[in-house]
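Asker: Here it is: the structure, laid out below.
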Amino acid sequence: MMIKAGLYRHYKGAQYEVIDTVQHSETEEVLVLYRALYGEQGLWVRPLAMFTEAVMVQGAPQPRFALQQKVVSHCCPN
């Protein structure tokens, strides 16, 4: 399973920008590289499985991170 770059909303309401997926150098685990869009806008990584899992909120499952907007390339072809 892969994930699309774009803007995501955490189930607690904060906004994040997913930059890409990366691979752990020792375990080869796939991690999601993302940036907080608040505060100091730090970079974070989280295992892909955890990033895409559902969490229970008031007894109902919902995505931990929900895609809000995909990144669209505006680059012109060569």
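By order of appearance in the structure tokens: chains A, B, ..., then residues from 1 within every chain, and ligands from 1 in the order shown.
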Considering only C-alpha atoms, give me a table of residues in range 51-74 of chain A that are at most 12 Å from range 30-34 of chain A, with the closest atom pair and distance in Å for each, as a Markdown table.
Answerer:
```
| residue | atom | partner | partner_atom | distance |
| --- | --- | --- | --- | --- |
| A:Phe51 | CA | A:Val32 | CA | 7.2 |
| A:Thr52 | CA | A:Val32 | CA | 9.6 |
| A:Phe65 | CA | A:Tyr34 | CA | 11.2 |
```
Asker: So which one's closest to Gly13 in chain A, A:Leu37, A:Gly42, A:Met56, A:Glu26? Using only C-alpha atoms, please.
Answerer: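 So, comparing all the options, the nearest one is A:Leu37.
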Asker: I need the residue nearest Val55 in chain A from this list: A:Tyr11, A:Tyr38, A:Asp20, A:Glu28. Use only C-alpha atoms for the distance.
Answerer: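 Between A:Tyr11, A:Tyr38, A:Asp20, A:Glu28, the residue approaching Val55 in chain A most closely is A:Tyr11.
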Asker: From the options A:Gln23, A:Gln58, A:Gln69, A:Gln41, which residue's atoms come nearest to Met2 in chain A, counting only C-alpha atoms?
Answerer: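 Under the stated criterion, the closest residue is A:Gln23.
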Asker: List the neighbours of Arg9 in chain A out to 9 Å using only C-alpha atoms; skip same-chain residues closer than 4 positions along the sequence, and give me the result as a list in words.
Answerer: Gly13, Ala14, Gln15, Tyr16, Glu17, Arg64, Phe65, Ala66, Leu67 and Gln68 of chain A
Asker: Can you tell me how far CA of His24 in chain A sits from CA of Met50 in chain A, in Å to one decimal?
Answerer: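 Taking CA of His24 in chain A and CA of Met50 in chain A, their separation equals 14.7 Å.
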Asker: How would you write, as number ranges by chain, the set of residues in chain A that DSSP gives as strand (DSSP E or B)?
Answerer: A: 6-10, 15-23, 30-36, 43-47, 54-57, 60-63, 65-70
Asker: Rounded to one decimal place, report the CA of Gly39 in chain A-CA of Ile19 in chain A distance in Å.
Answerer: 17.6 Å
